[in-house]
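Data block below; observations after.
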Amino acid sequence: MIKRKILARALITLLALFVFFVMFSQIPLLSQEEAEAETKPAELFKMSLKELLNVKITTANRTPEKISDIPASVVLITREEIEAYGYRTLAEIIENIPGLFAVDDYGEYGANFGVRGFWSGVPNDNMIILVNGVHQVNDMWSNYPLHKIAVPVEAIDRIEVIRGPMSVVYGNGAFYGVINIFTNDNSDGPLNIAGASAGSEKTKKLFLRTAGKQGDINYVFNASIYDTYGLDKPLADMMLDSSILPSLGVPVDSRTGGMLENNEKYLNFSGTFNEFSLNVSFCDVKKEFYFAFPSTSDGTRDHSNMAILSFAYRKALSNILTLEGKLNYSQSRDWYTYKVLFDDFYGIQELSTNGFEVEVNTFINPSPSLDIKTGLYYRAVLDADDMYDIPSLGSPDLENNYKFLADADNIVTQSLFTQVTYSPFDRLRLTAGIRLEQTPKYKLESIHTVGANPPDYESGVYNQDKIEVIPRLAAIYYLNDQNIFKFLFGKTINRPSFFQNAQNTLDPERDDLKPENIQTFELNYISSLSETFTVNASIFHNTLENLITRIVELTPEGKYNSYSGNAGKMVTQGFELTLNAEPIDYLRMELSLTYQKTKDKREGFKDVPVAYSPKLLGYVKAYYHTGNFTMAITGNYVDSMETYWDETKVSLANTAGSRIGEKTRGYFTLGANLRIENLLINGSYLNIRCSNLLDEEIRYPATTLSAFMDRGTLGSGRVFLVSLGYKF
């Protein structure tokens, strides 16, 4: 239950926002009629809630479908909604999606999101993230780190979130669904934007979007520079015993300030000509982070970049048959400079990959009641290298090591799928699909040049090459136009990455990692009780097996170990309810509640609460839009979380029982946003966003990569971001 003083502070804050709104309303603005003469009204503000359910999206089955007809749980986030709530970053948008929650251990990848009671130690490897339909995968970890995607919020036209196993259509990695971010929508005409932002934590951002449409040619170009100093918190507040900090190389009064700086540069170009399309993106990031120890000197840094080039062709050959082909190429590089323990510490690591993927899909519609999709997929990682030299840790095993994919081998994922949707009568829609997927054997090698002449050479073959069968079944029953039931079943897999396999395949004492797999049953209910009130409810049951976890430990002998292992079986049961309402004109509200309970089914762990799995998540959103003004509030509740259970009871600092850290308490954060359009000049806007308005303490549970902060890492307090821009 939220404390009374928090409610009182919330009411005072709402009153202050109202006064602020009244003060701004005295500024001369263009009239609504003047603005609409040149600017098309936002579709979101004109459509009823019932009409929004009939909006067509493309992500679920690669073809336009109404949300009510999609065999999955769907969340649609539009540009108008993003602007109304004033989200500062892509991570903040994702954090406000029902069922998702963040854990930030100050690692190199930033916020790592869990979904429906499950959180993976590998950042964001349980949902596929696309930009304009193009995979943003990092082949080193087979994951989707947000700092390498780095799409500025101003560039986003809409986000389609499909929750539930989506591996039949999208293959490996679609464990809990797909997030597709669109930055190239010219359907309502080209939109050009120039904007600048500044705010707390020395945050600065510049953004430019230019778009054009001439005949059959469409293009959109987005560019941004984002820079922030990051959090400035005392390490002592994140430790049960801060007196050990000097033994870890830093003073007791050390702070995170200057150790979590982040600079992102992002470019994206999308173009279409008739049936052809081109997408190019590039992201360059210099990001500071913590890894196992406190940072010293000028901080541990990752300088990373990722480039993706995609060509696509899609043509309707007839009223029945449509053909689609895609060719994507990507490369990624990370250069780590470790600064820990003492000022002249020396440690470097370079990770690099490159690869390509090919897709060929066909869409067959022989009748309005029958839809058939089939496709072939091939992805090849051509090169994967992990070089590290960290002599200052004092272990010869960490000096001049080089692990790599053998020259003659590629890491290949090949698959084919078929999915059929059939409506035997108007009120029933059935979907069945199957995907056959395989990763053939491949060879890994390593060279170690310290203490050996000639150098030590090791090799191993990853041989988990069986063909995986991935099924999907769904039924949608339309009780009437206002009430829809979706019965959903699916299985999916998540294969271990190059980095994970390199640790195990090259070690004869460890077994090859098996693919993770999940089986999900879900009953989803959608109801439009009126034009102004909708309900979306789900009951779900997930069974997860062969989960891969990363272990980082320092043995009593002072040896550093890092490895991965399959961690057995977990079962999650949960309920999710989302209500949308428009109680009065121009006011829209959303309330969402998720209850989930995850149990560890391994022998000896059945009575041990699962780590990083909050039982309760709550979301509330509301915005009022009239004329040139939009006021909005967002609220998030995340329940308490346990930390990783350390079976060996060996960690980098003191432990709390058999955990690596202390249980964190639940927290509630409130955000507010004020947006003014057409301020003095038609097309201009002013946006003021405050996150964590009540300055609530956010504490994330410690992970194996941040175990010395055993009380849990702290999130941002009250922060502001002010943005000025011009649309034309």
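In the structure tokens, the first chain shown is A, the next is B, and so on; residue numbers restart at 1 for each chain, and ligands run from 1 in the order shown.
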
Near A:Ile97, within 10 Å and counting only C-alpha atoms, which residues show up once chain neighbours fewer than 3 positions away are dropped, as a PyMOL selection string?
chain A and resi 75-77+92-94+100-101+115+161+592+619+636

With a distance cut-off of 10 Å and only C-alpha atoms, select the neighbouring residues of A:Ala111, excluding the residue or stretch itself and same-chain residues fewer than 5 positions from it, and output the selection as number ranges by chain.
A: 91-92, 95, 101-106, 123-124, 145-147

Non-local contacts of A:Asn517 (7 Å; only C-alpha atoms; under 5 positions in same chain excluded) as JSON, numbers by chain:
{"A": [492, 493, 494, 544, 545, 546]}

With a distance cut-off of 9 Å and only C-alpha atoms, select the neighbouring residues of A:Ser142, excluding the residue or stretch itself and same-chain residues fewer than 2 positions from it, and output the selection as a PyMOL selection string.
chain A and resi 122+125+137-140+144+173+494-499

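The nearest approach to A:Thr549 among the residues A:Ser120, A:Thr203, A:Ser254, A:Gln214, with only C-alpha atoms taken into account, belongs to A:Ser120.
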
Would you kindly return, as a list in words, each protein, DNA or RNA residue with an atom no farther than 12 Å from any atom of A:Ser318, considering only C-alpha atoms and excluding same-chain residues fewer than 4 positions away?
Thr322, Leu323, Thr362, Phe363, Ile364, Asn365 and Pro366 of chain A

Please produce a file of those selected residues containing C-alpha atoms, as an mmCIF file, in the first residue's frame.
```
data_model
loop_
_atom_site.group_PDB
_atom_site.id
_atom_site.type_symbol
_atom_site.label_atom_id
_atom_site.label_comp_id
_atom_site.auth_asym_id
_atom_site.auth_seq_id
_atom_site.Cartn_x
_atom_site.Cartn_y
_atom_site.Cartn_z
ATOM 1 C CA THR A 322 2.887 -11.683 -52.331
ATOM 2 C CA LEU A 323 6.640 -12.276 -52.290
ATOM 3 C CA THR A 362 5.610 -15.783 -49.283
ATOM 4 C CA PHE A 363 2.110 -14.657 -48.331
ATOM 5 C CA ILE A 364 -0.777 -16.577 -49.890
ATOM 6 C CA ASN A 365 -4.412 -15.487 -49.557
ATOM 7 C CA PRO A 366 -6.565 -17.816 -51.699
#
```

So, with only C-alpha atoms as the atoms that count, which of A:Val571, A:Ile82, A:Ala196, A:Leu321 lies closest to A:Ser684?
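Between A:Val571, A:Ile82, A:Ala196, A:Leu321, the residue approaching A:Ser684 most closely is A:Ala196.
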
Do you know which residues are at most 10 Å from A:Arg711 counting only C-alpha atoms, after dropping those on the same chain fewer than 6 positions away, and could you put them as a PyMOL selection string?
chain A and resi 235-241+643+655-656+660-664+699-702

Can you spit out the residues from that selection as a PDB file, in the first residue's frame, using N, CA and C atoms?
```pdb
ATOM      1  N   LEU A 235      28.757   5.266  -3.210  1.00  0.00           N
ATOM      2  CA  LEU A 235      28.827   3.804  -3.198  1.00  0.00           C
ATOM      3  C   LEU A 235      28.462   3.242  -1.837  1.00  0.00           C
ATOM      4  N   ALA A 236      28.763   4.003  -0.761  1.00  0.00           N
ATOM      5  CA  ALA A 236      28.478   3.519   0.590  1.00  0.00           C
ATOM      6  C   ALA A 236      26.998   3.234   0.779  1.00  0.00           C
ATOM      7  N   ASP A 237      26.121   3.970   0.063  1.00  0.00           N
ATOM      8  CA  ASP A 237      24.679   3.750   0.186  1.00  0.00           C
ATOM      9  C   ASP A 237      24.225   2.479  -0.507  1.00  0.00           C
ATOM     10  N   MET A 238      25.133   1.830  -1.240  1.00  0.00           N
ATOM     11  CA  MET A 238      24.779   0.617  -1.977  1.00  0.00           C
ATOM     12  C   MET A 238      25.496  -0.615  -1.427  1.00  0.00           C
ATOM     13  N   MET A 239      26.094  -0.465  -0.231  1.00  0.00           N
ATOM     14  CA  MET A 239      26.865  -1.567   0.337  1.00  0.00           C
ATOM     15  C   MET A 239      26.462  -1.819   1.780  1.00  0.00           C
ATOM     16  N   LEU A 240      26.426  -3.105   2.148  1.00  0.00           N
ATOM     17  CA  LEU A 240      26.157  -3.458   3.540  1.00  0.00           C
ATOM     18  C   LEU A 240      27.330  -3.098   4.432  1.00  0.00           C
ATOM     19  N   ASP A 241      28.533  -3.197   3.897  1.00  0.00           N
ATOM     20  CA  ASP A 241      29.736  -2.862   4.657  1.00  0.00           C
ATOM     21  C   ASP A 241      30.659  -2.045   3.762  1.00  0.00           C
ATOM     22  N   THR A 643      17.955 -11.265  -4.819  1.00  0.00           N
ATOM     23  CA  THR A 643      19.147 -11.335  -5.657  1.00  0.00           C
ATOM     24  C   THR A 643      19.505 -12.797  -5.944  1.00  0.00           C
ATOM     25  N   THR A 655      28.053 -11.429   1.773  1.00  0.00           N
ATOM     26  CA  THR A 655      26.775 -11.914   1.276  1.00  0.00           C
ATOM     27  C   THR A 655      25.713 -11.752   2.351  1.00  0.00           C
ATOM     28  N   ALA A 656      24.470 -11.760   1.913  1.00  0.00           N
ATOM     29  CA  ALA A 656      23.355 -11.759   2.852  1.00  0.00           C
ATOM     30  C   ALA A 656      22.776 -13.161   2.838  1.00  0.00           C
ATOM     31  N   ILE A 660      23.713 -13.139  -2.947  1.00  0.00           N
ATOM     32  CA  ILE A 660      24.865 -12.266  -3.156  1.00  0.00           C
ATOM     33  C   ILE A 660      24.573 -10.857  -2.669  1.00  0.00           C
ATOM     34  N   GLY A 661      23.318 -10.593  -2.317  1.00  0.00           N
ATOM     35  CA  GLY A 661      22.972  -9.260  -1.855  1.00  0.00           C
ATOM     36  C   GLY A 661      21.646  -9.241  -1.140  1.00  0.00           C
ATOM     37  N   GLU A 662      21.284  -8.062  -0.689  1.00  0.00           N
ATOM     38  CA  GLU A 662      20.086  -7.845   0.110  1.00  0.00           C
ATOM     39  C   GLU A 662      18.849  -7.746  -0.785  1.00  0.00           C
ATOM     40  N   LYS A 663      17.741  -8.216  -0.268  1.00  0.00           N
ATOM     41  CA  LYS A 663      16.467  -8.079  -0.964  1.00  0.00           C
ATOM     42  C   LYS A 663      16.095  -6.605  -1.063  1.00  0.00           C
ATOM     43  N   THR A 664      15.671  -6.168  -2.251  1.00  0.00           N
ATOM     44  CA  THR A 664      15.267  -4.775  -2.421  1.00  0.00           C
ATOM     45  C   THR A 664      13.766  -4.646  -2.189  1.00  0.00           C
ATOM     46  N   ARG A 699      15.775   1.178  -6.031  1.00  0.00           N
ATOM     47  CA  ARG A 699      16.926   0.327  -5.736  1.00  0.00           C
ATOM     48  C   ARG A 699      16.768  -0.995  -6.488  1.00  0.00           C
ATOM     49  N   TYR A 700      17.745  -1.273  -7.371  1.00  0.00           N
ATOM     50  CA  TYR A 700      17.744  -2.505  -8.140  1.00  0.00           C
ATOM     51  C   TYR A 700      18.589  -3.560  -7.423  1.00  0.00           C
ATOM     52  N   PRO A 701      18.184  -4.826  -7.447  1.00  0.00           N
ATOM     53  CA  PRO A 701      18.948  -5.861  -6.744  1.00  0.00           C
ATOM     54  C   PRO A 701      20.327  -6.073  -7.371  1.00  0.00           C
ATOM     55  N   ALA A 702      21.298  -6.416  -6.528  1.00  0.00           N
ATOM     56  CA  ALA A 702      22.656  -6.685  -7.000  1.00  0.00           C
ATOM     57  C   ALA A 702      22.664  -7.900  -7.922  1.00  0.00           C
TER      58      ALA A 702
END
```

Which residue, A:His625, A:Thr413, A:Pro471, A:Leu405, has the smallest gap to A:Ile434 when you use only C-alpha atoms?
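Closest candidate: A:Pro471.
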
Restricting to only C-alpha atoms, whichever of A:Ser392, A:Ser723, A:Ser200, A:Thr272 is closest to A:Asp185 is A:Thr272

May I ask which of the residues A:Trp335, A:Tyr623, A:Phe269, A:Tyr329 is the closest one to A:Thr300, counting only C-alpha atoms?
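The closest residue to A:Thr300 is A:Trp335.
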
When you look at A:Lys373 with a cut-off of 12 Å (counting only C-alpha atoms), what residues show up, excluding the ones that are within fewer than 6 positions of it in the same chain? I need them as an NGL selection string.
:A and (60-63 or 168-169 or 320-324 or 360-366 or 416-422 or 431-435)

Judged by only C-alpha atoms, the minimum distance to A:Val74 among A:Asn218, A:Asn143, A:Thr703, A:Ser538 is found for A:Ser538
